[in-house]
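Have a look at coords37.pdb below; it lists PDB, C-alpha atoms.
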```pdb
ATOM      1  CA  MET A   1      14.148   6.029   4.929
ATOM      2  CA  THR A   2      12.810   2.892   6.651
ATOM      3  CA  VAL A   3       9.122   2.241   7.116
ATOM      4  CA  PRO A   4       8.049   2.419  10.787
ATOM      5  CA  PRO A   5       5.834  -0.389  12.079
ATOM      6  CA  THR A   6       2.068   0.159  11.919
ATOM      7  CA  ALA A   7      -0.928  -2.140  11.810
ATOM      8  CA  ASP A   8      -0.911  -2.132   8.003
ATOM      9  CA  ARG A   9       2.832  -2.662   7.808
ATOM     10  CA  ALA A  10       3.224  -5.397  10.393
ATOM     11  CA  ALA A  11       2.797  -8.192   7.842
ATOM     12  CA  CYS A  12       6.127  -7.473   6.156
ATOM     13  CA  PRO A  13       9.600  -6.743   7.514
ATOM     14  CA  PRO A  14      10.809  -3.140   7.261
ATOM     15  CA  ARG A  15      12.173  -2.202   3.839
ATOM     16  CA  PRO A  16      13.508   1.165   2.749
ATOM     17  CA  PHE A  17      11.720   3.635   0.543
ATOM     18  CA  GLU A  18      13.681   4.966  -2.410
ATOM     19  CA  ARG A  19      12.673   8.358  -3.751
ATOM     20  CA  LEU A  20      12.440   8.025  -7.555
ATOM     21  CA  VAL A  21      10.789  11.315  -8.505
ATOM     22  CA  GLU A  22       9.820  14.483  -6.662
ATOM     23  CA  GLN A  23       8.134  17.432  -8.358
ATOM     24  CA  GLY A  24       5.254  19.831  -7.877
ATOM     25  CA  GLY A  25       4.595  18.669  -4.322
ATOM     26  CA  LEU A  26       4.310  15.056  -5.471
ATOM     27  CA  ALA A  27       6.662  12.327  -4.290
ATOM     28  CA  PHE A  28       7.038   8.891  -5.882
ATOM     29  CA  ASP A  29       8.752   6.347  -3.631
ATOM     30  CA  LEU A  30       9.629   2.775  -4.528
ATOM     31  CA  MET A  31       9.774  -0.059  -2.039
ATOM     32  CA  ALA A  32      11.611  -2.758  -3.953
ATOM     33  CA  GLY A  33      10.968  -6.415  -3.319
ATOM     34  CA  SER A  34      11.008  -9.853  -4.867
ATOM     35  CA  THR A  35       8.622 -11.110  -7.526
ATOM     36  CA  GLY A  36       6.303 -12.584  -4.896
ATOM     37  CA  ALA A  37       3.116 -14.453  -5.750
ATOM     38  CA  PHE A  38       2.392 -12.247  -8.774
ATOM     39  CA  PRO A  39       5.589 -11.858 -10.829
ATOM     40  CA  GLY A  40       5.399  -8.899 -13.154
ATOM     41  CA  ALA A  41       2.812  -7.080 -11.025
ATOM     42  CA  LEU A  42       3.325  -3.490  -9.871
ATOM     43  CA  VAL A  43       1.061  -2.038  -7.197
ATOM     44  CA  ILE A  44       0.848   1.768  -7.128
ATOM     45  CA  ALA A  45      -0.615   3.097  -3.869
ATOM     46  CA  PHE A  46      -1.821   6.693  -3.602
ATOM     47  CA  ALA A  47      -2.010   8.443  -0.240
ATOM     48  CA  SER A  48      -5.169  10.146   0.984
ATOM     49  CA  ILE A  49      -5.457  13.748   2.109
ATOM     50  CA  GLY A  50      -3.819  13.191   5.507
ATOM     51  CA  HIS A  51      -4.627  14.771   8.852
ATOM     52  CA  ASP A  52      -2.324  17.804   9.000
ATOM     53  CA  PRO A  53      -2.591  20.349   6.162
ATOM     54  CA  ALA A  54       0.831  21.715   7.117
ATOM     55  CA  ARG A  55       2.527  18.381   6.381
ATOM     56  CA  ALA A  56       2.632  16.121   3.347
ATOM     57  CA  PRO A  57       0.569  12.941   3.672
ATOM     58  CA  SER A  58       2.411   9.745   4.558
ATOM     59  CA  PRO A  59       2.487   6.690   2.260
ATOM     60  CA  GLU A  60      -0.464   4.383   2.760
ATOM     61  CA  PHE A  61      -1.302   0.707   2.152
ATOM     62  CA  VAL A  62       2.359  -0.199   2.693
ATOM     63  CA  GLY A  63       1.828  -3.649   4.154
ATOM     64  CA  THR A  64      -0.996  -4.498   1.758
ATOM     65  CA  ALA A  65       0.809  -3.302  -1.356
ATOM     66  CA  THR A  66       4.084  -5.094  -0.554
ATOM     67  CA  ALA A  67       2.627  -8.317   0.906
ATOM     68  CA  GLY A  68       4.363 -11.440  -0.328
ATOM     69  CA  GLY A  69       7.493  -9.484  -1.177
ATOM     70  CA  ARG A  70       5.928  -7.415  -3.970
ATOM     71  CA  SER A  71       7.523  -4.217  -5.173
ATOM     72  CA  ALA A  72       5.253  -1.201  -4.886
ATOM     73  CA  LEU A  73       5.295   2.472  -5.806
ATOM     74  CA  PHE A  74       3.875   4.965  -3.295
ATOM     75  CA  VAL A  75       2.584   8.390  -4.323
ATOM     76  CA  THR A  76       1.994  11.305  -1.940
ATOM     77  CA  ASP A  77       0.693  14.760  -2.825
ATOM     78  CA  ALA A  78       1.560  17.634  -0.489
ATOM     79  CA  ARG A  79      -0.548  20.062  -2.523
ATOM     80  CA  ARG A  80      -3.674  17.901  -2.392
ATOM     81  CA  SER A  81      -4.249  18.355  -6.108
ATOM     82  CA  TRP A  82      -6.369  15.209  -6.606
ATOM     83  CA  GLY A  83      -4.000  14.292  -9.465
ATOM     84  CA  GLN A  84      -5.182  17.155 -11.662
ATOM     85  CA  THR A  85      -1.809  18.768 -12.374
ATOM     86  CA  ALA A  86       0.627  18.146 -15.200
ATOM     87  CA  ASP A  87       3.166  17.179 -12.541
ATOM     88  CA  PHE A  88       0.987  14.197 -11.626
ATOM     89  CA  ALA A  89       0.989  12.710 -15.113
ATOM     90  CA  GLU A  90       4.626  13.515 -15.815
ATOM     91  CA  GLY A  91       5.872  12.326 -12.447
ATOM     92  CA  LEU A  92       3.864   9.107 -12.573
ATOM     93  CA  GLN A  93       5.061   8.260 -16.068
ATOM     94  CA  GLN A  94       8.653   9.022 -15.142
ATOM     95  CA  ALA A  95       8.528   6.963 -11.953
ATOM     96  CA  VAL A  96       7.012   3.931 -13.665
ATOM     97  CA  ALA A  97       9.588   4.193 -16.451
ATOM     98  CA  LEU A  98      12.336   4.044 -13.815
ATOM     99  CA  VAL A  99      10.728   0.977 -12.247
ATOM    100  CA  ARG A 100      10.567  -0.678 -15.672
ATOM    101  CA  GLN A 101      14.312  -0.262 -16.002
ATOM    102  CA  ARG A 102      14.701  -2.539 -12.974
ATOM    103  CA  GLN A 103      11.965  -5.108 -13.365
ATOM    104  CA  ASP A 104       9.507  -6.541 -15.809
ATOM    105  CA  ILE A 105       6.016  -5.048 -15.411
ATOM    106  CA  ARG A 106       3.213  -7.063 -16.968
ATOM    107  CA  GLN A 107       0.364  -5.993 -14.690
ATOM    108  CA  THR A 108      -0.408  -2.705 -12.947
ATOM    109  CA  LEU A 109      -2.825  -2.273 -10.054
ATOM    110  CA  THR A 110      -3.624   1.129  -8.563
ATOM    111  CA  LEU A 111      -4.963   1.543  -5.054
ATOM    112  CA  GLY A 112      -6.105   4.419  -2.864
ATOM    113  CA  SER A 113      -8.635   5.777  -0.394
ATOM    114  CA  SER A 114     -10.562   9.068  -0.587
ATOM    115  CA  MET A 115      -8.316  11.541  -2.464
ATOM    116  CA  GLY A 116      -5.936   8.631  -3.037
ATOM    117  CA  GLY A 117      -8.788   6.629  -4.516
ATOM    118  CA  HIS A 118      -9.596   9.437  -6.918
ATOM    119  CA  MET A 119      -5.921   9.548  -7.919
ATOM    120  CA  ALA A 120      -5.849   5.772  -8.363
ATOM    121  CA  LEU A 121      -8.665   6.191 -10.894
ATOM    122  CA  ARG A 122      -7.089   9.208 -12.548
ATOM    123  CA  ALA A 123      -3.861   7.238 -13.026
ATOM    124  CA  ALA A 124      -5.735   5.038 -15.501
ATOM    125  CA  GLY A 125      -5.787   8.010 -17.868
ATOM    126  CA  VAL A 126      -2.014   8.324 -17.593
ATOM    127  CA  LEU A 127      -0.845   4.702 -17.591
ATOM    128  CA  PRO A 128      -2.163   1.376 -18.859
ATOM    129  CA  VAL A 129      -3.825   0.233 -15.626
ATOM    130  CA  ASP A 130      -5.165  -3.311 -15.473
ATOM    131  CA  VAL A 131      -7.027  -3.018 -12.160
ATOM    132  CA  ALA A 132      -7.962   0.059 -10.107
ATOM    133  CA  LEU A 133      -9.253  -0.200  -6.529
ATOM    134  CA  ALA A 134     -10.707   3.048  -5.188
ATOM    135  CA  PHE A 135     -12.133   3.271  -1.667
ATOM    136  CA  GLY A 136     -14.384   6.282  -1.096
ATOM    137  CA  PRO A 137     -13.123   8.266  -4.124
ATOM    138  CA  GLN A 138     -14.642  11.681  -4.742
ATOM    139  CA  SER A 139     -16.786  12.146  -7.831
ATOM    140  CA  MET A 140     -17.193  15.858  -7.085
ATOM    141  CA  LEU A 141     -15.371  18.460  -5.042
ATOM    142  CA  ASP A 142     -16.589  21.853  -3.910
ATOM    143  CA  PRO A 143     -13.522  23.681  -2.569
ATOM    144  CA  ALA A 144     -15.840  25.994  -0.611
ATOM    145  CA  SER A 145     -17.400  23.108   1.308
ATOM    146  CA  PRO A 146     -16.409  22.938   5.005
ATOM    147  CA  ARG A 147     -15.797  19.217   4.549
ATOM    148  CA  TRP A 148     -12.723  19.875   2.397
ATOM    149  CA  GLN A 149     -11.257  22.812   4.287
ATOM    150  CA  PRO A 150      -8.457  23.655   4.602
ATOM    151  CA  TRP A 151      -6.955  20.975   2.363
ATOM    152  CA  ALA A 152      -8.889  21.747  -0.814
ATOM    153  CA  ALA A 153      -8.837  25.538  -0.617
ATOM    154  CA  GLN A 154      -6.745  25.772  -3.787
ATOM    155  CA  ALA A 155      -8.196  22.754  -5.602
ATOM    156  CA  ALA A 156     -10.344  23.029  -8.685
ATOM    157  CA  PRO A 157     -13.706  21.255  -8.930
ATOM    158  CA  ILE A 158     -13.320  17.651 -10.038
ATOM    159  CA  SER A 159     -15.381  15.172 -12.014
ATOM    160  CA  PRO A 160     -15.287  11.362 -12.039
ATOM    161  CA  PRO A 161     -12.253  10.010 -13.912
ATOM    162  CA  PRO A 162     -13.006   7.451 -16.631
ATOM    163  CA  PRO A 163     -12.760   3.797 -15.584
ATOM    164  CA  ALA A 164      -9.578   1.809 -16.199
ATOM    165  CA  ALA A 165      -9.358  -0.025 -19.500
ATOM    166  CA  GLY A 166      -9.324  -3.284 -17.573
ATOM    167  CA  TRP A 167     -11.266  -3.599 -14.310
ATOM    168  CA  THR A 168     -12.358  -0.806 -11.974
ATOM    169  CA  LEU A 169     -13.551  -1.412  -8.427
ATOM    170  CA  LEU A 170     -15.321   1.333  -6.491
ATOM    171  CA  PHE A 171     -16.106   1.018  -2.778
ATOM    172  CA  HIS A 172     -18.275   3.618  -1.021
ATOM    173  CA  ALA A 173     -19.818   3.994   2.431
ATOM    174  CA  MET A 174     -23.489   4.913   2.264
ATOM    175  CA  GLN A 175     -23.852   6.774   5.567
ATOM    176  CA  ASP A 176     -22.180   9.965   4.345
ATOM    177  CA  ASP A 177     -20.718   9.214   0.907
ATOM    178  CA  LEU A 178     -23.778   8.239  -1.095
ATOM    179  CA  ASP A 179     -23.743  11.477  -3.087
ATOM    180  CA  GLN A 180     -20.116  10.830  -4.058
ATOM    181  CA  ALA A 181     -20.961   7.233  -4.979
ATOM    182  CA  LEU A 182     -23.908   8.181  -7.190
ATOM    183  CA  GLY A 183     -21.702  10.661  -9.027
ATOM    184  CA  PHE A 184     -19.987   7.717 -10.717
ATOM    185  CA  PRO A 185     -22.152   6.502 -13.601
ATOM    186  CA  PRO A 186     -22.434   2.747 -14.150
ATOM    187  CA  ALA A 187     -20.040   1.591 -16.856
ATOM    188  CA  PRO A 188     -18.771  -1.631 -18.409
ATOM    189  CA  GLY A 189     -15.878  -3.146 -16.506
ATOM    190  CA  VAL A 190     -16.845  -1.378 -13.262
ATOM    191  CA  ASP A 191     -17.948  -3.122 -10.075
ATOM    192  CA  HIS A 192     -19.361  -0.668  -7.552
ATOM    193  CA  VAL A 193     -19.703  -1.970  -3.985
ATOM    194  CA  LEU A 194     -21.668  -0.069  -1.331
ATOM    195  CA  PHE A 195     -21.476  -0.485   2.452
ATOM    196  CA  ALA A 196     -24.764   0.516   4.073
ATOM    197  CA  ASP A 197     -23.474   0.572   7.658
ATOM    198  CA  GLN A 198     -20.186   2.425   7.109
ATOM    199  CA  CYS A 199     -19.073   6.065   6.900
ATOM    200  CA  HIS A 200     -16.341   7.570   4.750
ATOM    201  CA  SER A 201     -13.776   7.859   7.529
ATOM    202  CA  GLY A 202     -14.448   4.398   8.918
ATOM    203  CA  LEU A 203     -14.546   2.268   5.781
ATOM    204  CA  MET A 204     -10.828   1.456   5.571
ATOM    205  CA  ALA A 205     -10.583   0.680   9.295
ATOM    206  CA  HIS A 206     -13.589  -1.615   8.938
ATOM    207  CA  LEU A 207     -12.094  -3.523   6.005
ATOM    208  CA  LYS A 208      -8.760  -3.903   7.775
ATOM    209  CA  ALA A 209     -10.410  -5.053  10.996
ATOM    210  CA  ARG A 210     -12.371  -7.678   9.060
ATOM    211  CA  GLY A 211      -9.186  -8.860   7.343
ATOM    212  CA  ALA A 212     -10.763  -8.046   3.975
ATOM    213  CA  LEU A 213      -8.366  -5.498   2.511
ATOM    214  CA  ALA A 214      -5.492  -7.860   1.732
ATOM    215  CA  GLY A 215      -7.903 -10.381   0.227
ATOM    216  CA  LEU A 216      -9.478  -7.760  -2.022
ATOM    217  CA  VAL A 217      -6.077  -6.802  -3.431
ATOM    218  CA  GLU A 218      -5.000 -10.436  -3.882
ATOM    219  CA  ALA A 219      -8.249 -11.308  -5.655
ATOM    220  CA  ALA A 220      -7.944  -8.231  -7.880
ATOM    221  CA  LEU A 221      -4.397  -9.168  -8.877
ATOM    222  CA  ALA A 222      -5.556 -12.693  -9.646
ATOM    223  CA  GLY A 223      -8.504 -11.423 -11.686
ATOM    224  CA  ASP A 224     -10.817 -13.463  -9.464
ATOM    225  CA  ARG A 225     -14.035 -11.440  -9.491
ATOM    226  CA  ARG A 226     -16.091 -14.079  -7.701
ATOM    227  CA  ARG A 227     -13.654 -14.241  -4.788
ATOM    228  CA  LEU A 228     -13.362 -10.469  -4.586
ATOM    229  CA  LEU A 229     -17.115  -9.950  -4.411
ATOM    230  CA  ARG A 230     -17.403 -12.723  -1.840
ATOM    231  CA  ILE A 231     -14.802 -11.002   0.347
ATOM    232  CA  ALA A 232     -16.580  -7.661  -0.035
ATOM    233  CA  ALA A 233     -19.906  -9.270   0.870
ATOM    234  CA  SER A 234     -18.393 -10.845   3.991
ATOM    235  CA  ALA A 235     -17.517  -7.300   5.139
ATOM    236  CA  GLY A 236     -21.040  -6.000   4.468
ATOM    237  CA  GLY A 237     -20.652  -4.742   0.900
ATOM    238  CA  ARG A 238     -23.254  -5.167  -1.817
ATOM    239  CA  LEU A 239     -23.102  -4.408  -5.505
ATOM    240  CA  ARG A 240     -24.766  -1.109  -6.306
ATOM    241  CA  HIS A 241     -27.160  -2.483  -8.905
ATOM    242  CA  ARG A 242     -28.482  -4.952  -6.337
ATOM    243  CA  MET A 243     -29.396  -2.087  -4.012
ATOM    244  CA  ALA A 244     -31.395  -0.090  -6.541
ATOM    245  CA  ASP A 245     -34.480  -0.157  -4.332
ATOM    246  CA  GLN A 246     -32.531   1.597  -1.533
ATOM    247  CA  LEU A 247     -31.013   4.344  -3.677
ATOM    248  CA  PRO A 248     -32.455   7.733  -4.685
ATOM    249  CA  ARG A 249     -34.015   7.750  -8.120
TER     250      ARG A 249
END
```
The structure in this file should be written as structure tokens.
Amino acid sequence: MTVPPTADRAACPPRPFERLVEQGGLAFDLMAGSTGAFPGALVIAFASIGHDPARAPSPEFVGTATAGGRSALFVTDARRSWGQTADFAEGLQQAVALVRQRQDIRQTLTLGSSMGGHMALRAAGVLPVDVALAFGPQSMLDPASPRWQPWAAQAAPISPPPPAAGWTLLFHAMQDDLDQALGFPPAPGVDHVLFADQCHSGLMAHLKARGALAGLVEAALAGDRRRLLRIAASAGGRLRHRMADQLPR
């Protein structure tokens, strides 16, 4: 399987996906590359819910995850389980073990938007994750809510996953995702960035259009918090604790 060109993928030449693990509706695909600017780094990108409930979601963040020739693992979930099944933990551990057989892994970054963001956080309870970037992750899920139909009809209610042992980055749009954002309690090692002028469905497009997404990932891999927050601020994001006067008490 070769990656078709899209806006996110245009920065890197087409490379094939290799299916490492498939179980319980979950697929784990590796796009192998060179060591790139961050040797020993593995980016794991989790797909969001998708647009067609009859089809499995497509891999996301392909260009961003593999920029500079990096290898990356892509996770899709046809069942839309939000990473709550045993297959998620087992499949993820198995896939990463297979990657380790091929390359040295000294740093792991997880990445995802919406359901994928929630899974990127949940992965930190399965693997040693150094940095987790979650864009619009859900802190709660009511399967009866019209917002999640028909994708979440079989899903169980969720709660916020614990932060990664290293550094967790949460990004939420305030126009329609403030309740989800406030469901994540402040915690050490967590930077929570809010975008007052954005909505859930438009946040990723906004960050890509501003050229911020790639910079956020690069800064996270480098452990450069100052640069990351500067990039987020240039796209309209502000740290949650600095917006306390605008948030419900």
(-21.1, -2.5, -1.0) in this file's frame - what residues fall within 7 Å of it? Use all atoms listed in the file and give the answer as a PDB file with C-alpha atoms, in the coordinates of the input.
```
ATOM      1  CA  PHE A 171     -16.106   1.018  -2.778  1.00  0.00           C
ATOM      2  CA  HIS A 172     -18.275   3.618  -1.021  1.00  0.00           C
ATOM      3  CA  VAL A 193     -19.703  -1.970  -3.985  1.00  0.00           C
ATOM      4  CA  LEU A 194     -21.668  -0.069  -1.331  1.00  0.00           C
ATOM      5  CA  PHE A 195     -21.476  -0.485   2.452  1.00  0.00           C
ATOM      6  CA  ALA A 196     -24.764   0.516   4.073  1.00  0.00           C
ATOM      7  CA  ALA A 232     -16.580  -7.661  -0.035  1.00  0.00           C
ATOM      8  CA  GLY A 236     -21.040  -6.000   4.468  1.00  0.00           C
ATOM      9  CA  GLY A 237     -20.652  -4.742   0.900  1.00  0.00           C
ATOM     10  CA  ARG A 238     -23.254  -5.167  -1.817  1.00  0.00           C
ATOM     11  CA  LEU A 239     -23.102  -4.408  -5.505  1.00  0.00           C
ATOM     12  CA  ARG A 240     -24.766  -1.109  -6.306  1.00  0.00           C
TER      13      ARG A 240
END
```
Decode the PyMOL selection byres ((chain A and resi 61) around 9) for the given file into explicit residues and return them as a VMD selection string.
chain A and resid 8 to 9 45 to 47 59 to 60 62 to 66 74 111 to 112
Take the PyMOL selection byres ((chain A and resi 169) around 10), apply it to the structure above, and return the hits as an MDAnalysis selection string.
chainID A and resid 111 121 131:135 163:164 167:168 170:171 189:193 216 220 228
What separates atom CA of His206 of chain A and atom CA of Glu218 of chain A is a distance of 17.8 Å
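The coordinates place atom CA of Arg227 of chain A at 14.0 Å from atom CA of Gly211 of chain A.
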